[in-house]
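This report concerns only the one structure given below.
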Amino acid sequence: MPERGFYHLTRTPMETALPKLLGRVLAAKARAVVRIGAPERVEPLSTALWLSSEPDWLPHGHAGTGNADRQPIWLTTAAENPNAATHLFLVDGAEAGEVEGFARVFDLFDGGDETAVAAARRRWATAKAAGDTLTYWQQTDRGWEKKAG
């Protein structure tokens with residue numbers, strides 16, 4: 001089972017936090033799948049990755065661009081891993097589904113959205129009941145801080 005981290009966004013929007021976390025994955029010479037909860041969010045998140053200034057280069061693709069096997073970051077709404085990624089990011093309420101083959105799962109949720117927080121709590125409870133190794137991270141003015149779960 002992969003380590004599963006819950007990332008509580010309290011200071012920046014998804015479009016700012018996600019690129020920084022993905023940059024760390026690429027710096028470690030790893031690949032990522034970003035599973036998105038709603039199809040209409042694929043293009044806006046893709047644009048946010050292209051326009052990111054920190055880091056300033058996040059090569060990625062999605063079904064509309066193709067060549068999944070060549071992409072270090074793959075954006076999708078499906079439960080797939082077409083680029084042989086080791087890191088799975090769940091955004092906009094996406095469910096983890098099968099996580100075999102991933103070393104880490106990042107579940108990012110908007111702390112300013114009570115519906116998103118309640119859904120994240122349900123996902124946490126389900127993962128805990130399944131025996132997953134869980135960590136909880138919250139944004140602070142100094143960056144991500146690990147909190148007691």
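To be explicit about the labels: the chains of the structure tokens are called A, B, and onward in the order shown, and within each one the residues are counted from 1, while ligands get numbers from 1 in the order they are shown.
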
Can you list every residue in stretch 3-130 of chain A that DSSP puts in strand (DSSP E), as a ChimeraX atom specification? /A:3-9,32-36,61-62,73-76,87-91,104-110

Those same residues - C-alpha atoms - I'd like them written as a PDB file, in the first residue's frame.
ATOM      1  CA  GLU A   3       1.631   6.231   1.730  1.00  0.00           C
ATOM      2  CA  ARG A   4      -1.450   8.423   1.429  1.00  0.00           C
ATOM      3  CA  GLY A   5      -1.166  12.097   2.323  1.00  0.00           C
ATOM      4  CA  PHE A   6      -4.075  14.474   2.727  1.00  0.00           C
ATOM      5  CA  TYR A   7      -3.145  18.062   1.816  1.00  0.00           C
ATOM      6  CA  HIS A   8      -5.434  20.702   3.317  1.00  0.00           C
ATOM      7  CA  LEU A   9      -5.234  23.864   1.191  1.00  0.00           C
ATOM      8  CA  ALA A  32       2.765  11.637 -11.672  1.00  0.00           C
ATOM      9  CA  VAL A  33      -0.846  11.063 -12.582  1.00  0.00           C
ATOM     10  CA  VAL A  34      -3.238  13.850 -11.593  1.00  0.00           C
ATOM     11  CA  ARG A  35      -6.734  12.423 -11.263  1.00  0.00           C
ATOM     12  CA  ILE A  36      -9.285  15.221 -11.523  1.00  0.00           C
ATOM     13  CA  GLY A  61      -0.417  15.930 -21.202  1.00  0.00           C
ATOM     14  CA  HIS A  62      -3.962  14.615 -21.134  1.00  0.00           C
ATOM     15  CA  ILE A  73       2.696  14.264 -15.703  1.00  0.00           C
ATOM     16  CA  TRP A  74      -0.645  12.942 -16.961  1.00  0.00           C
ATOM     17  CA  LEU A  75      -3.963  14.686 -16.247  1.00  0.00           C
ATOM     18  CA  THR A  76      -7.039  12.470 -16.298  1.00  0.00           C
ATOM     19  CA  HIS A  87       2.799   9.327  -7.640  1.00  0.00           C
ATOM     20  CA  LEU A  88      -0.970   9.830  -7.774  1.00  0.00           C
ATOM     21  CA  PHE A  89      -2.540  13.224  -7.112  1.00  0.00           C
ATOM     22  CA  LEU A  90      -6.260  13.422  -6.365  1.00  0.00           C
ATOM     23  CA  VAL A  91      -7.832  16.835  -6.903  1.00  0.00           C
ATOM     24  CA  ARG A 104       2.505   7.871  -2.854  1.00  0.00           C
ATOM     25  CA  VAL A 105      -0.989   9.275  -3.093  1.00  0.00           C
ATOM     26  CA  PHE A 106      -1.607  13.007  -2.559  1.00  0.00           C
ATOM     27  CA  ASP A 107      -5.218  13.948  -1.800  1.00  0.00           C
ATOM     28  CA  LEU A 108      -5.514  17.737  -2.129  1.00  0.00           C
ATOM     29  CA  PHE A 109      -8.640  19.528  -0.918  1.00  0.00           C
ATOM     30  CA  ASP A 110      -9.789  23.126  -0.501  1.00  0.00           C
TER      31      ASP A 110
END

Inset, instruction - Using DSSP on the backbone, list every residue of stretch 4-134 of chain A that comes out as helix (DSSP H, G or I), and give them as a ChimeraX atom specification. - result: /A:14-27,39-51,68-70,114-129

Kindly save the residues from that selection, with N, CA and C atoms included, as a tab-separated table (two decimals), in the first residue's frame.
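result_1.tsv, freshly written:
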chain	number	residue	atom	x	y	z
A	14	MET	N	-5.75	25.58	-5.57
A	14	MET	CA	-5.22	24.37	-6.19
A	14	MET	C	-4.24	24.70	-7.32
A	15	GLU	N	-4.59	25.69	-8.13
A	15	GLU	CA	-3.77	26.05	-9.29
A	15	GLU	C	-2.38	26.55	-8.90
A	16	THR	N	-2.20	26.97	-7.67
A	16	THR	CA	-0.90	27.42	-7.17
A	16	THR	C	-0.18	26.30	-6.42
A	17	ALA	N	-0.91	25.55	-5.60
A	17	ALA	CA	-0.30	24.49	-4.78
A	17	ALA	C	0.12	23.28	-5.61
A	18	LEU	N	-0.71	22.86	-6.54
A	18	LEU	CA	-0.44	21.66	-7.32
A	18	LEU	C	0.88	21.74	-8.09
A	19	PRO	N	1.15	22.83	-8.82
A	19	PRO	CA	2.42	22.89	-9.56
A	19	PRO	C	3.66	22.73	-8.67
A	20	LYS	N	3.63	23.30	-7.48
A	20	LYS	CA	4.79	23.20	-6.59
A	20	LYS	C	5.02	21.75	-6.16
A	21	LEU	N	3.95	21.05	-5.83
A	21	LEU	CA	4.08	19.65	-5.43
A	21	LEU	C	4.53	18.78	-6.61
A	22	LEU	N	3.98	19.06	-7.78
A	22	LEU	CA	4.39	18.30	-8.97
A	22	LEU	C	5.85	18.58	-9.31
A	23	GLY	N	6.30	19.79	-9.08
A	23	GLY	CA	7.70	20.13	-9.32
A	23	GLY	C	8.64	19.29	-8.48
A	24	ARG	N	8.23	19.01	-7.25
A	24	ARG	CA	9.04	18.16	-6.36
A	24	ARG	C	9.12	16.74	-6.90
A	25	VAL	N	8.02	16.25	-7.44
A	25	VAL	CA	8.00	14.91	-8.01
A	25	VAL	C	8.95	14.84	-9.20
A	26	LEU	N	8.87	15.82	-10.09
A	26	LEU	CA	9.77	15.83	-11.25
A	26	LEU	C	11.22	15.98	-10.83
A	27	ALA	N	11.49	16.78	-9.81
A	27	ALA	CA	12.86	16.95	-9.32
A	27	ALA	C	13.43	15.63	-8.80
A	39	PRO	N	-14.46	16.57	-15.44
A	39	PRO	CA	-13.85	16.76	-16.77
A	39	PRO	C	-13.61	18.22	-17.15
A	40	GLU	N	-14.49	19.11	-16.71
A	40	GLU	CA	-14.35	20.52	-17.08
A	40	GLU	C	-13.15	21.18	-16.39
A	41	ARG	N	-12.52	20.50	-15.45
A	41	ARG	CA	-11.35	21.05	-14.75
A	41	ARG	C	-10.02	20.65	-15.40
A	42	VAL	N	-10.04	19.74	-16.37
A	42	VAL	CA	-8.79	19.28	-16.99
A	42	VAL	C	-8.07	20.44	-17.68
A	43	GLU	N	-8.75	21.16	-18.54
A	43	GLU	CA	-8.11	22.26	-19.28
A	43	GLU	C	-7.63	23.39	-18.36
A	44	PRO	N	-8.46	23.84	-17.41
A	44	PRO	CA	-7.96	24.89	-16.50
A	44	PRO	C	-6.72	24.47	-15.71
A	45	LEU	N	-6.67	23.22	-15.25
A	45	LEU	CA	-5.48	22.76	-14.52
A	45	LEU	C	-4.28	22.61	-15.46
A	46	SER	N	-4.54	22.17	-16.68
A	46	SER	CA	-3.45	22.09	-17.67
A	46	SER	C	-2.87	23.47	-17.93
A	47	THR	N	-3.73	24.45	-18.10
A	47	THR	CA	-3.27	25.82	-18.31
A	47	THR	C	-2.48	26.32	-17.12
A	48	ALA	N	-2.96	26.02	-15.91
A	48	ALA	CA	-2.24	26.45	-14.70
A	48	ALA	C	-0.83	25.84	-14.66
A	49	LEU	N	-0.70	24.60	-15.09
A	49	LEU	CA	0.63	23.98	-15.11
A	49	LEU	C	1.53	24.64	-16.14
A	50	TRP	N	0.99	24.96	-17.32
A	50	TRP	CA	1.81	25.63	-18.34
A	50	TRP	C	2.22	27.03	-17.90
A	51	LEU	N	1.35	27.72	-17.18
A	51	LEU	CA	1.63	29.10	-16.79
A	51	LEU	C	2.36	29.22	-15.45
A	68	ALA	N	0.53	9.55	-23.83
A	68	ALA	CA	0.59	9.39	-22.37
A	68	ALA	C	1.90	8.77	-21.90
A	69	ASP	N	2.41	7.80	-22.63
A	69	ASP	CA	3.62	7.11	-22.19
A	69	ASP	C	4.85	8.02	-22.18
A	70	ARG	N	4.79	9.14	-22.88
A	70	ARG	CA	5.92	10.08	-22.92
A	70	ARG	C	5.80	11.23	-21.93
A	114	GLU	N	-16.50	23.81	2.55
A	114	GLU	CA	-16.97	22.85	3.55
A	114	GLU	C	-17.36	21.51	2.93
A	115	THR	N	-17.91	21.53	1.72
A	115	THR	CA	-18.26	20.28	1.04
A	115	THR	C	-17.01	19.47	0.74
A	116	ALA	N	-15.96	20.16	0.28
A	116	ALA	CA	-14.69	19.47	-0.02
A	116	ALA	C	-14.05	18.93	1.26
A	117	VAL	N	-14.13	19.68	2.35
A	117	VAL	CA	-13.56	19.22	3.62
A	117	VAL	C	-14.32	17.98	4.12
A	118	ALA	N	-15.64	18.01	4.04
A	118	ALA	CA	-16.44	16.87	4.49
A	118	ALA	C	-16.14	15.64	3.63
A	119	ALA	N	-15.99	15.82	2.34
A	119	ALA	CA	-15.66	14.70	1.44
A	119	ALA	C	-14.27	14.14	1.76
A	120	ALA	N	-13.32	15.03	2.06
A	120	ALA	CA	-11.97	14.58	2.42
A	120	ALA	C	-12.01	13.79	3.73
A	121	ARG	N	-12.82	14.20	4.66
A	121	ARG	CA	-12.95	13.46	5.92
A	121	ARG	C	-13.50	12.06	5.66
A	122	ARG	N	-14.46	11.95	4.74
A	122	ARG	CA	-15.00	10.63	4.39
A	122	ARG	C	-13.93	9.77	3.73
A	123	ARG	N	-13.14	10.37	2.83
A	123	ARG	CA	-12.06	9.61	2.17
A	123	ARG	C	-11.03	9.17	3.20
A	124	TRP	N	-10.70	10.03	4.17
A	124	TRP	CA	-9.76	9.69	5.24
A	124	TRP	C	-10.28	8.48	6.02
A	125	ALA	N	-11.55	8.54	6.44
A	125	ALA	CA	-12.13	7.45	7.23
A	125	ALA	C	-12.12	6.14	6.46
A	126	THR	N	-12.44	6.20	5.18
A	126	THR	CA	-12.43	5.00	4.35
A	126	THR	C	-11.03	4.43	4.22
A	127	ALA	N	-10.04	5.30	3.98
A	127	ALA	CA	-8.65	4.86	3.84
A	127	ALA	C	-8.12	4.30	5.16
A	128	LYS	N	-8.48	4.93	6.27
A	128	LYS	CA	-8.04	4.46	7.58
A	128	LYS	C	-8.64	3.08	7.87
A	129	ALA	N	-9.91	2.90	7.56
A	129	ALA	CA	-10.57	1.61	7.78
A	129	ALA	C	-9.94	0.51	6.91

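The two atoms in question, atom CA of A:Pro82 and atom CA of A:Gly101, are spaced 11.7 Å apart.
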
One decimal place gives the atom CA of A:Phe102-atom CA of A:Thr135 separation as 15.8 Å

Report task. Could you check how far atom CA of A:Ala85 sits from atom CA of A:Thr65, in Å to one decimal? Result ->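 Separating atom CA of A:Ala85 from atom CA of A:Thr65 is a distance of 17.5 Å.
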